[in-house]
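Everything on this sheet refers to the single structure shown next.
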Amino acid sequence: MASNAIDRLAAGLGRLPGIGEKSARRIALDVLTWKTEDVRALAELLVEVKTRVRTCGACFNLSESDPCPICGDERRDGSQVMVVDFVGDLLAMERMQAYRGLYHVLGGRISPLDGIGPEELNILPLVARLNGGGIREVILANGPTVEGDATAQYLKQVLGTHDVTVTQIARGLPVGSDLALADQVTLSRALDGRREL
C-alpha cells in the first residue's frame with residue numbers, strides 16, 4: 001500500500017509546472033526522509049497560501065491584501081502602468097528594482113487556437129483604469145511570442161482611442177522565452193529601450 005501513497009504523491013507533485021514524472025517521484029521519495037513536523041508545516045503553508053492570497057482588485061496581482069502592496073504604495077508613479085501577461089512577469093520586473101510605476105496583469109495572452117480571446121483577459125478593467133484618469137503612459141511588456149505580439153497589437157488598437165502614450169519594452173529578450181526566466185540585466189535593458197507603438 002505504501003507504493004500507492006507514493007504514486008499518489010508523485011502524481012500530485014507532477015501537476016506542478018516544470019516537474020516531470022521522474023522529478024516528481026524523486027521529490028516524493030525525498031519527502032519521506034523529512035521529519036513529520038516539517039511535512040506538516042509545508043502542507044499547512046500550502047493551505048495558508050491558497051486561502052489567504054487573493055487577486056488585487058486594481059491590477060490583478062496576487063497578494064494577501066487588496067489593494068496589493070504595489071498599488072497601495074503612494075511613492076510609486078501612478079502615471080505609468082506596465083501591462084504584463086502573468087503575475088510571474090510582474091515579479092520578474094519587480095526583481096529588477098528599476099521600474100517604479102504601477103502594473104496591470106492581463107491573466108494570459110490572446111490565443112485563438114487555445115480559445116483565449118480578449119474577453120478572457122483583464123482588458124476591460126485596464127480600460128476602466130484609463131478612464132479614471134491620471135495615467136499618461138501604458139508600457140506593454142507582453143511576452144516575446146506570437147501570442148504576446150497579437151495581444152500587444154490588440155491593446156494598441158484599444159488604447160489608441162485614449163489620451164495616453166503607448167510604449168512597448170525593447171526586444172532584448174529572446175523570442176519564445178518568458179519574462180519570468182530572463183535575467184535582470186536583460187529585463188532592465190528591455191525596459192530602458194521601450195518604444196512607442
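Naming scheme: A, B, ... for chains in displayed order of the C-alpha cells; residues 1 onward per chain; ligands 1 onward as shown.
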
Please provide as a list of chain:residue names all residues within 12 Å of Gly12 of chain A, with the sequence filter that same-chain residues fewer than 5 positions apart are discarded (counting only C-alpha atoms). A:Ala5, A:Ile6, A:Asp7, A:Pro17, A:Ile19, A:Gly20, A:Glu21, A:Ser23, A:Ala24, A:Arg25, A:Ile27, A:Ala28

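Taking atom CA of Gly117 of chain A as the reference point, atom CA of Val53 of chain A is found at 26.3 Å.
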
Can you pull out the residues contacting Arg52 of chain A? Cut-off 8 Å, using only C-alpha atoms, and skip same-chain residues under 3 positions away; I want them as number ranges by chain. A: 48-49, 64

Could those residues be written to a file, using N, CA and C atoms, as a PDB file, in the first residue's frame?
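The result, stored in part_9.pdb:
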ATOM      1  N   GLU A  48      -2.335  27.634   3.683  1.00  0.00           N
ATOM      2  CA  GLU A  48      -2.381  29.050   4.065  1.00  0.00           C
ATOM      3  C   GLU A  48      -2.271  29.949   2.842  1.00  0.00           C
ATOM      4  N   VAL A  49      -1.333  29.642   1.964  1.00  0.00           N
ATOM      5  CA  VAL A  49      -1.153  30.453   0.758  1.00  0.00           C
ATOM      6  C   VAL A  49      -2.416  30.389  -0.101  1.00  0.00           C
ATOM      7  N   GLU A  64      -1.814  39.139  -0.319  1.00  0.00           N
ATOM      8  CA  GLU A  64      -2.648  38.874   0.854  1.00  0.00           C
ATOM      9  C   GLU A  64      -3.533  40.070   1.167  1.00  0.00           C
TER      10      GLU A  64
END

If you count only C-alpha atoms, the residue of A:Ser177, A:Thr51, A:Met96, A:Thr151 closest to Glu120 of chain A turns out to be A:Thr151

Mind the document's chain letters and residue numbers, and return as a PyMOL selection string the residues of segment 9-181 of chain A that DSSP labels strand (DSSP E). chain A and resi 54-55+62-63+77-84+101-105+137-140+165-168

In terms of only C-alpha atoms, the residue from A:Leu90, A:Val164, A:Leu106, A:Ala128 at minimal distance from Asp178 of chain A is A:Leu90

Helix (DSSP H, G or I) call set, DSSP backbone run, segment 3-129 of chain A, as a CSV table (one decimal) with N, CA, C and O atoms, in the first residue's frame:
chain,number,residue,atom,x,y,z
A,3,SER,N,3.4,2.0,-1.7
A,3,SER,CA,3.8,2.5,-3.1
A,3,SER,C,2.6,3.2,-3.7
A,3,SER,O,2.8,4.2,-4.5
A,4,ASN,N,1.3,2.9,-3.3
A,4,ASN,CA,0.2,3.6,-3.8
A,4,ASN,C,0.2,5.0,-3.3
A,4,ASN,O,-0.1,6.0,-4.1
A,5,ALA,N,0.5,5.2,-2.1
A,5,ALA,CA,0.6,6.6,-1.5
A,5,ALA,C,1.7,7.3,-2.2
A,5,ALA,O,1.6,8.5,-2.4
A,6,ILE,N,2.9,6.7,-2.4
A,6,ILE,CA,4.0,7.4,-3.1
A,6,ILE,C,3.6,7.8,-4.5
A,6,ILE,O,3.9,8.9,-5.0
A,7,ASP,N,2.9,6.8,-5.2
A,7,ASP,CA,2.4,7.1,-6.5
A,7,ASP,C,1.5,8.3,-6.5
A,7,ASP,O,1.5,9.2,-7.4
A,8,ARG,N,0.6,8.4,-5.6
A,8,ARG,CA,-0.4,9.5,-5.5
A,8,ARG,C,0.3,10.8,-5.2
A,8,ARG,O,0.0,11.8,-5.8
A,9,LEU,N,1.3,10.8,-4.3
A,9,LEU,CA,2.1,12.0,-4.0
A,9,LEU,C,2.9,12.4,-5.3
A,9,LEU,O,2.9,13.6,-5.6
A,10,ALA,N,3.5,11.5,-5.9
A,10,ALA,CA,4.3,11.8,-7.2
A,10,ALA,C,3.3,12.4,-8.2
A,10,ALA,O,3.7,13.3,-8.9
A,11,ALA,N,2.1,11.8,-8.4
A,11,ALA,CA,1.2,12.3,-9.3
A,11,ALA,C,0.8,13.8,-9.0
A,11,ALA,O,0.6,14.6,-9.8
A,12,GLY,N,0.6,14.0,-7.7
A,12,GLY,CA,0.2,15.4,-7.2
A,12,GLY,C,1.3,16.4,-7.5
A,12,GLY,O,1.1,17.5,-8.0
A,13,LEU,N,2.6,16.0,-7.2
A,13,LEU,CA,3.7,16.8,-7.4
A,13,LEU,C,3.9,17.1,-8.9
A,13,LEU,O,4.4,18.1,-9.3
A,21,GLU,N,7.7,13.5,-14.5
A,21,GLU,CA,7.4,12.3,-13.8
A,21,GLU,C,8.6,11.8,-12.9
A,21,GLU,O,8.4,11.5,-11.7
A,22,LYS,N,9.8,11.8,-13.4
A,22,LYS,CA,11.0,11.4,-12.7
A,22,LYS,C,11.3,12.3,-11.5
A,22,LYS,O,11.5,11.9,-10.4
A,23,SER,N,11.2,13.6,-11.8
A,23,SER,CA,11.4,14.6,-10.7
A,23,SER,C,10.4,14.5,-9.6
A,23,SER,O,10.7,14.6,-8.4
A,24,ALA,N,9.1,14.3,-10.0
A,24,ALA,CA,8.0,14.2,-9.0
A,24,ALA,C,8.3,12.9,-8.1
A,24,ALA,O,8.1,13.0,-6.9
A,25,ARG,N,8.7,11.8,-8.7
A,25,ARG,CA,9.0,10.6,-7.9
A,25,ARG,C,10.1,10.9,-7.0
A,25,ARG,O,10.1,10.5,-5.8
A,26,ARG,N,11.2,11.5,-7.5
A,26,ARG,CA,12.4,11.8,-6.6
A,26,ARG,C,12.0,12.7,-5.4
A,26,ARG,O,12.4,12.5,-4.3
A,27,ILE,N,11.2,13.7,-5.7
A,27,ILE,CA,10.7,14.6,-4.6
A,27,ILE,C,9.8,13.8,-3.6
A,27,ILE,O,10.0,14.0,-2.4
A,28,ALA,N,8.9,13.0,-4.1
A,28,ALA,CA,8.1,12.2,-3.2
A,28,ALA,C,8.9,11.3,-2.3
A,28,ALA,O,8.6,11.2,-1.1
A,29,LEU,N,9.9,10.7,-2.9
A,29,LEU,CA,10.8,9.8,-2.1
A,29,LEU,C,11.6,10.7,-1.1
A,29,LEU,O,11.8,10.2,0.1
A,30,ASP,N,12.0,11.8,-1.5
A,30,ASP,CA,12.8,12.7,-0.6
A,30,ASP,C,11.9,13.2,0.6
A,30,ASP,O,12.4,13.2,1.7
A,31,VAL,N,10.6,13.5,0.3
A,31,VAL,CA,9.7,13.9,1.4
A,31,VAL,C,9.6,12.8,2.5
A,31,VAL,O,9.5,13.2,3.7
A,36,THR,N,8.2,14.5,10.3
A,36,THR,CA,6.8,14.6,10.1
A,36,THR,C,6.3,16.1,10.3
A,36,THR,O,5.5,16.6,9.6
A,37,GLU,N,6.9,16.8,11.3
A,37,GLU,CA,6.5,18.2,11.6
A,37,GLU,C,6.9,19.1,10.4
A,37,GLU,O,6.3,20.1,10.1
A,38,ASP,N,8.0,18.7,9.7
A,38,ASP,CA,8.4,19.5,8.5
A,38,ASP,C,7.4,19.3,7.4
A,38,ASP,O,7.1,20.3,6.7
A,39,VAL,N,7.0,18.1,7.2
A,39,VAL,CA,6.0,17.8,6.1
A,39,VAL,C,4.7,18.5,6.5
A,39,VAL,O,4.1,19.1,5.6
A,40,ARG,N,4.3,18.4,7.8
A,40,ARG,CA,3.1,19.1,8.2
A,40,ARG,C,3.2,20.6,8.0
A,40,ARG,O,2.2,21.2,7.5
A,41,ALA,N,4.3,21.2,8.3
A,41,ALA,CA,4.5,22.7,8.1
A,41,ALA,C,4.4,23.0,6.7
A,41,ALA,O,3.8,24.1,6.4
A,42,LEU,N,4.9,22.2,5.8
A,42,LEU,CA,4.8,22.5,4.4
A,42,LEU,C,3.4,22.4,3.9
A,42,LEU,O,2.9,23.3,3.2
A,43,ALA,N,2.7,21.4,4.3
A,43,ALA,CA,1.3,21.2,4.0
A,43,ALA,C,0.4,22.4,4.5
A,43,ALA,O,-0.4,22.9,3.8
A,44,GLU,N,0.7,22.8,5.7
A,44,GLU,CA,0.0,24.0,6.3
A,44,GLU,C,0.3,25.2,5.5
A,44,GLU,O,-0.6,26.1,5.3
A,45,LEU,N,1.5,25.4,5.1
A,45,LEU,CA,1.9,26.6,4.3
A,45,LEU,C,1.2,26.6,3.0
A,45,LEU,O,0.7,27.7,2.6
A,46,LEU,N,1.1,25.5,2.3
A,46,LEU,CA,0.4,25.4,1.1
A,46,LEU,C,-1.1,25.8,1.2
A,46,LEU,O,-1.6,26.6,0.4
A,47,VAL,N,-1.7,25.3,2.3
A,47,VAL,CA,-3.1,25.6,2.5
A,47,VAL,C,-3.3,27.1,2.9
A,47,VAL,O,-4.2,27.8,2.4
A,48,GLU,N,-2.3,27.6,3.7
A,48,GLU,CA,-2.4,29.0,4.1
A,48,GLU,C,-2.3,29.9,2.8
A,48,GLU,O,-3.0,30.9,2.7
A,49,VAL,N,-1.3,29.6,2.0
A,49,VAL,CA,-1.2,30.5,0.8
A,49,VAL,C,-2.4,30.4,-0.1
A,49,VAL,O,-2.9,31.4,-0.6
A,50,LYS,N,-3.0,29.2,-0.2
A,50,LYS,CA,-4.2,29.0,-1.1
A,50,LYS,C,-5.4,29.8,-0.5
A,50,LYS,O,-6.2,30.3,-1.3
A,51,THR,N,-5.5,29.9,0.8
A,51,THR,CA,-6.7,30.5,1.4
A,51,THR,C,-6.5,32.0,1.6
A,51,THR,O,-7.4,32.7,1.7
A,52,ARG,N,-5.2,32.5,1.8
A,52,ARG,CA,-5.0,33.9,2.1
A,52,ARG,C,-4.7,34.8,0.9
A,52,ARG,O,-4.9,36.0,1.0
A,87,VAL,N,1.4,37.1,-13.5
A,87,VAL,CA,1.9,37.6,-12.3
A,87,VAL,C,3.4,37.3,-12.2
A,87,VAL,O,4.2,38.2,-11.8
A,88,GLY,N,3.9,36.2,-12.8
A,88,GLY,CA,5.3,35.9,-12.8
A,88,GLY,C,6.1,36.9,-13.6
A,88,GLY,O,7.3,37.2,-13.2
A,89,ASP,N,5.5,37.5,-14.6
A,89,ASP,CA,6.2,38.6,-15.3
A,89,ASP,C,6.3,39.9,-14.5
A,89,ASP,O,7.3,40.5,-14.5
A,90,LEU,N,5.3,40.2,-13.7
A,90,LEU,CA,5.3,41.3,-12.8
A,90,LEU,C,6.4,41.1,-11.8
A,90,LEU,O,7.2,42.0,-11.5
A,91,LEU,N,6.5,39.9,-11.2
A,91,LEU,CA,7.6,39.6,-10.2
A,91,LEU,C,8.9,39.7,-10.8
A,91,LEU,O,9.9,40.2,-10.1
A,92,ALA,N,9.1,39.3,-12.1
A,92,ALA,CA,10.4,39.4,-12.7
A,92,ALA,C,10.8,40.9,-12.9
A,92,ALA,O,11.9,41.3,-12.6
A,93,MET,N,9.8,41.8,-13.3
A,93,MET,CA,10.1,43.2,-13.4
A,93,MET,C,10.4,43.8,-12.0
A,93,MET,O,11.3,44.7,-11.9
A,94,GLU,N,9.7,43.4,-11.0
A,94,GLU,CA,10.0,43.9,-9.6
A,94,GLU,C,11.4,43.5,-9.1
A,94,GLU,O,12.0,44.3,-8.4
A,95,ARG,N,11.9,42.4,-9.5
A,95,ARG,CA,13.2,41.9,-9.1
A,95,ARG,C,14.3,42.9,-9.6
A,95,ARG,O,15.3,43.1,-9.0
A,96,MET,N,14.0,43.5,-10.7
A,96,MET,CA,14.9,44.4,-11.4
A,96,MET,C,15.1,45.7,-10.5
A,96,MET,O,16.2,46.3,-10.6
A,112,PRO,N,-6.2,32.5,-30.1
A,112,PRO,CA,-7.4,31.8,-30.7
A,112,PRO,C,-7.4,30.3,-30.7
A,112,PRO,O,-8.4,29.7,-30.5
A,113,LEU,N,-6.2,29.8,-31.0
A,113,LEU,CA,-6.1,28.3,-31.0
A,113,LEU,C,-6.4,27.7,-29.7
A,113,LEU,O,-6.8,26.5,-29.6
A,114,ASP,N,-6.1,28.4,-28.6
A,114,ASP,CA,-6.4,27.9,-27.3
A,114,ASP,C,-7.7,28.4,-26.7
A,114,ASP,O,-8.1,28.2,-25.5
A,118,PRO,N,-9.8,38.3,-26.3
A,118,PRO,CA,-9.7,39.5,-25.5
A,118,PRO,C,-10.6,39.5,-24.3
A,118,PRO,O,-10.3,40.0,-23.2
A,119,GLU,N,-11.8,38.9,-24.5
A,119,GLU,CA,-12.8,38.9,-23.4
A,119,GLU,C,-12.4,38.0,-22.2
A,119,GLU,O,-12.9,38.1,-21.1
A,120,GLU,N,-11.5,37.1,-22.4
A,120,GLU,CA,-11.0,36.2,-21.3
A,120,GLU,C,-9.9,36.9,-20.5
A,120,GLU,O,-9.4,36.3,-19.5
A,123,ILE,N,-8.7,43.0,-19.9
A,123,ILE,CA,-8.6,44.2,-20.7
A,123,ILE,C,-9.6,45.3,-20.4
A,123,ILE,O,-9.2,46.5,-20.3
A,124,LEU,N,-10.8,44.9,-20.2
A,124,LEU,CA,-11.8,45.9,-19.8
A,124,LEU,C,-11.5,46.6,-18.5
A,124,LEU,O,-11.6,47.9,-18.4
A,125,PRO,N,-11.0,45.9,-17.5
A,125,PRO,CA,-10.6,46.7,-16.3
A,125,PRO,C,-9.4,47.6,-16.5
A,125,PRO,O,-9.3,48.7,-15.9
A,126,LEU,N,-8.5,47.3,-17.5
A,126,LEU,CA,-7.4,48.2,-17.9
A,126,LEU,C,-8.0,49.5,-18.5
A,126,LEU,O,-7.6,50.6,-18.1
A,127,VAL,N,-9.0,49.3,-19.4
A,127,VAL,CA,-9.7,50.5,-20.0
A,127,VAL,C,-10.4,51.3,-18.9
A,127,VAL,O,-10.3,52.6,-19.0
A,128,ALA,N,-11.0,50.7,-17.9
A,128,ALA,CA,-11.6,51.4,-16.9
A,128,ALA,C,-10.6,52.2,-16.1
A,128,ALA,O,-10.9,53.4,-15.6
A,129,ARG,N,-9.4,51.6,-15.8
A,129,ARG,CA,-8.4,52.4,-15.1
A,129,ARG,C,-8.0,53.6,-15.9
A,129,ARG,O,-7.8,54.7,-15.3

Grab the atom CA of Leu159 of chain A to atom CA of Leu187 of chain A distance for me, in Å with one decimal place.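 So the two atoms, atom CA of Leu159 of chain A and atom CA of Leu187 of chain A, lie 23.8 Å apart.
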
Find, counting only C-alpha atoms, the residue in A:Pro69, A:Gly176, A:Gly160, A:Gly132 that gets nearest to Gly148 of chain A.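 For Gly148 of chain A, the nearest of the given residues is A:Gly176.
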
Counting only C-alpha atoms, figure out which residue out of A:Gly133, A:Pro174, A:Gly115, A:Gly78 gets nearest to Gly101 of chain A.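 Of all the options, A:Gly78 lies closest to Gly101 of chain A.
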
Return the single residue from A:Leu191, A:Gly134, A:Asp85, A:Leu197 that is closest to Ala98 of chain A, with distances computed using only C-alpha atoms. A:Leu191

Excluding Asp66 of chain A and any residue of its chain fewer than 3 positions from it, enumerate the residues within 10 Å of it, using only C-alpha atoms, and give them as a ChimeraX atom specification. /A:53-63,69,71-72

Using atom CA of Arg15 of chain A and atom CA of Ser65 of chain A as the two end points, give the distance in Å to one decimal. 27.1 Å

The residue from A:Leu140, A:Ile169, A:Leu102, A:Val83 with the smallest atom-to-atom distance to Ile70 of chain A, counting only C-alpha atoms, is A:Leu102

Ala190 of chain A: which residues within 12 Å, counting only C-alpha atoms, same-chain residues fewer than 5 positions away excluded, as a list in words? Met93, Met96, Ala98, Tyr99, Ile139, Leu140, Ala141, Asn142, Gly143, Pro144, Thr167, Gln168, Ile169, Ala170, Arg171, Gly172, Leu173, Pro174, Leu179, Ala182, Asp183, Gln184, Val185 and Arg195 of chain A

Dump of N, CA and C atoms for the selected residues, as a PDB file, in the first residue's frame:
ATOM      1  N   MET A  93       9.842  41.753 -13.250  1.00  0.00           N
ATOM      2  CA  MET A  93      10.111  43.187 -13.375  1.00  0.00           C
ATOM      3  C   MET A  93      10.430  43.807 -12.015  1.00  0.00           C
ATOM      4  N   MET A  96      13.985  43.482 -10.747  1.00  0.00           N
ATOM      5  CA  MET A  96      14.921  44.404 -11.385  1.00  0.00           C
ATOM      6  C   MET A  96      15.105  45.668 -10.547  1.00  0.00           C
ATOM      7  N   ALA A  98      14.017  48.637 -10.957  1.00  0.00           N
ATOM      8  CA  ALA A  98      14.263  49.844 -11.747  1.00  0.00           C
ATOM      9  C   ALA A  98      12.964  50.533 -12.130  1.00  0.00           C
ATOM     10  N   TYR A  99      11.872  49.813 -12.153  1.00  0.00           N
ATOM     11  CA  TYR A  99      10.578  50.371 -12.552  1.00  0.00           C
ATOM     12  C   TYR A  99       9.804  50.763 -11.306  1.00  0.00           C
ATOM     13  N   ILE A 139       2.844  50.948 -20.685  1.00  0.00           N
ATOM     14  CA  ILE A 139       4.013  50.222 -21.188  1.00  0.00           C
ATOM     15  C   ILE A 139       3.596  48.775 -21.414  1.00  0.00           C
ATOM     16  N   LEU A 140       3.653  48.317 -22.649  1.00  0.00           N
ATOM     17  CA  LEU A 140       3.299  46.938 -22.967  1.00  0.00           C
ATOM     18  C   LEU A 140       4.535  46.057 -22.792  1.00  0.00           C
ATOM     19  N   ALA A 141       4.416  45.095 -21.892  1.00  0.00           N
ATOM     20  CA  ALA A 141       5.511  44.166 -21.625  1.00  0.00           C
ATOM     21  C   ALA A 141       5.016  42.740 -21.825  1.00  0.00           C
ATOM     22  N   ASN A 142       4.342  42.527 -22.946  1.00  0.00           N
ATOM     23  CA  ASN A 142       3.841  41.198 -23.269  1.00  0.00           C
ATOM     24  C   ASN A 142       4.999  40.300 -23.670  1.00  0.00           C
ATOM     25  N   GLY A 143       4.833  39.018 -23.439  1.00  0.00           N
ATOM     26  CA  GLY A 143       5.883  38.067 -23.756  1.00  0.00           C
ATOM     27  C   GLY A 143       6.254  38.093 -25.228  1.00  0.00           C
ATOM     28  N   PRO A 144       7.535  37.826 -25.539  1.00  0.00           N
ATOM     29  CA  PRO A 144       8.007  37.864 -26.929  1.00  0.00           C
ATOM     30  C   PRO A 144       7.640  36.592 -27.694  1.00  0.00           C
ATOM     31  N   THR A 167       3.736  52.577 -25.131  1.00  0.00           N
ATOM     32  CA  THR A 167       5.092  52.149 -25.466  1.00  0.00           C
ATOM     33  C   THR A 167       5.187  50.648 -25.295  1.00  0.00           C
ATOM     34  N   GLN A 168       6.239  50.094 -25.824  1.00  0.00           N
ATOM     35  CA  GLN A 168       6.485  48.663 -25.685  1.00  0.00           C
ATOM     36  C   GLN A 168       7.932  48.469 -25.273  1.00  0.00           C
ATOM     37  N   ILE A 169       8.177  47.539 -24.351  1.00  0.00           N
ATOM     38  CA  ILE A 169       9.560  47.302 -23.945  1.00  0.00           C
ATOM     39  C   ILE A 169      10.353  46.820 -25.151  1.00  0.00           C
ATOM     40  N   ALA A 170      11.633  47.152 -25.160  1.00  0.00           N
ATOM     41  CA  ALA A 170      12.512  46.751 -26.262  1.00  0.00           C
ATOM     42  C   ALA A 170      12.672  45.243 -26.259  1.00  0.00           C
ATOM     43  N   ARG A 171      13.023  44.736 -27.387  1.00  0.00           N
ATOM     44  CA  ARG A 171      13.175  43.290 -27.536  1.00  0.00           C
ATOM     45  C   ARG A 171      14.604  42.858 -27.264  1.00  0.00           C
ATOM     46  N   GLY A 172      15.009  42.948 -26.012  1.00  0.00           N
ATOM     47  CA  GLY A 172      16.290  42.405 -25.609  1.00  0.00           C
ATOM     48  C   GLY A 172      16.109  40.971 -25.153  1.00  0.00           C
ATOM     49  N   LEU A 173      14.884  40.491 -25.279  1.00  0.00           N
ATOM     50  CA  LEU A 173      14.554  39.150 -24.806  1.00  0.00           C
ATOM     51  C   LEU A 173      14.455  38.205 -25.994  1.00  0.00           C
ATOM     52  N   PRO A 174      14.916  36.974 -25.836  1.00  0.00           N
ATOM     53  CA  PRO A 174      14.825  36.035 -26.944  1.00  0.00           C
ATOM     54  C   PRO A 174      13.375  35.676 -27.254  1.00  0.00           C
ATOM     55  N   LEU A 179       9.216  36.217 -19.677  1.00  0.00           N
ATOM     56  CA  LEU A 179       9.813  37.288 -18.888  1.00  0.00           C
ATOM     57  C   LEU A 179      10.325  36.760 -17.548  1.00  0.00           C
ATOM     58  N   ALA A 182      13.929  35.564 -17.609  1.00  0.00           N
ATOM     59  CA  ALA A 182      15.003  36.453 -18.069  1.00  0.00           C
ATOM     60  C   ALA A 182      15.813  36.989 -16.888  1.00  0.00           C
ATOM     61  N   ASP A 183      17.087  37.281 -17.160  1.00  0.00           N
ATOM     62  CA  ASP A 183      17.937  37.855 -16.117  1.00  0.00           C
ATOM     63  C   ASP A 183      17.637  39.344 -15.953  1.00  0.00           C
ATOM     64  N   GLN A 184      18.101  39.924 -14.849  1.00  0.00           N
ATOM     65  CA  GLN A 184      17.775  41.308 -14.506  1.00  0.00           C
ATOM     66  C   GLN A 184      18.358  42.309 -15.483  1.00  0.00           C
ATOM     67  N   VAL A 185      19.551  42.058 -15.990  1.00  0.00           N
ATOM     68  CA  VAL A 185      20.179  42.984 -16.929  1.00  0.00           C
ATOM     69  C   VAL A 185      19.372  43.037 -18.226  1.00  0.00           C
ATOM     70  N   ARG A 195       9.681  51.519 -26.766  1.00  0.00           N
ATOM     71  CA  ARG A 195       9.380  52.479 -27.834  1.00  0.00           C
ATOM     72  C   ARG A 195       7.881  52.614 -27.986  1.00  0.00           C
TER      73      ARG A 195
END
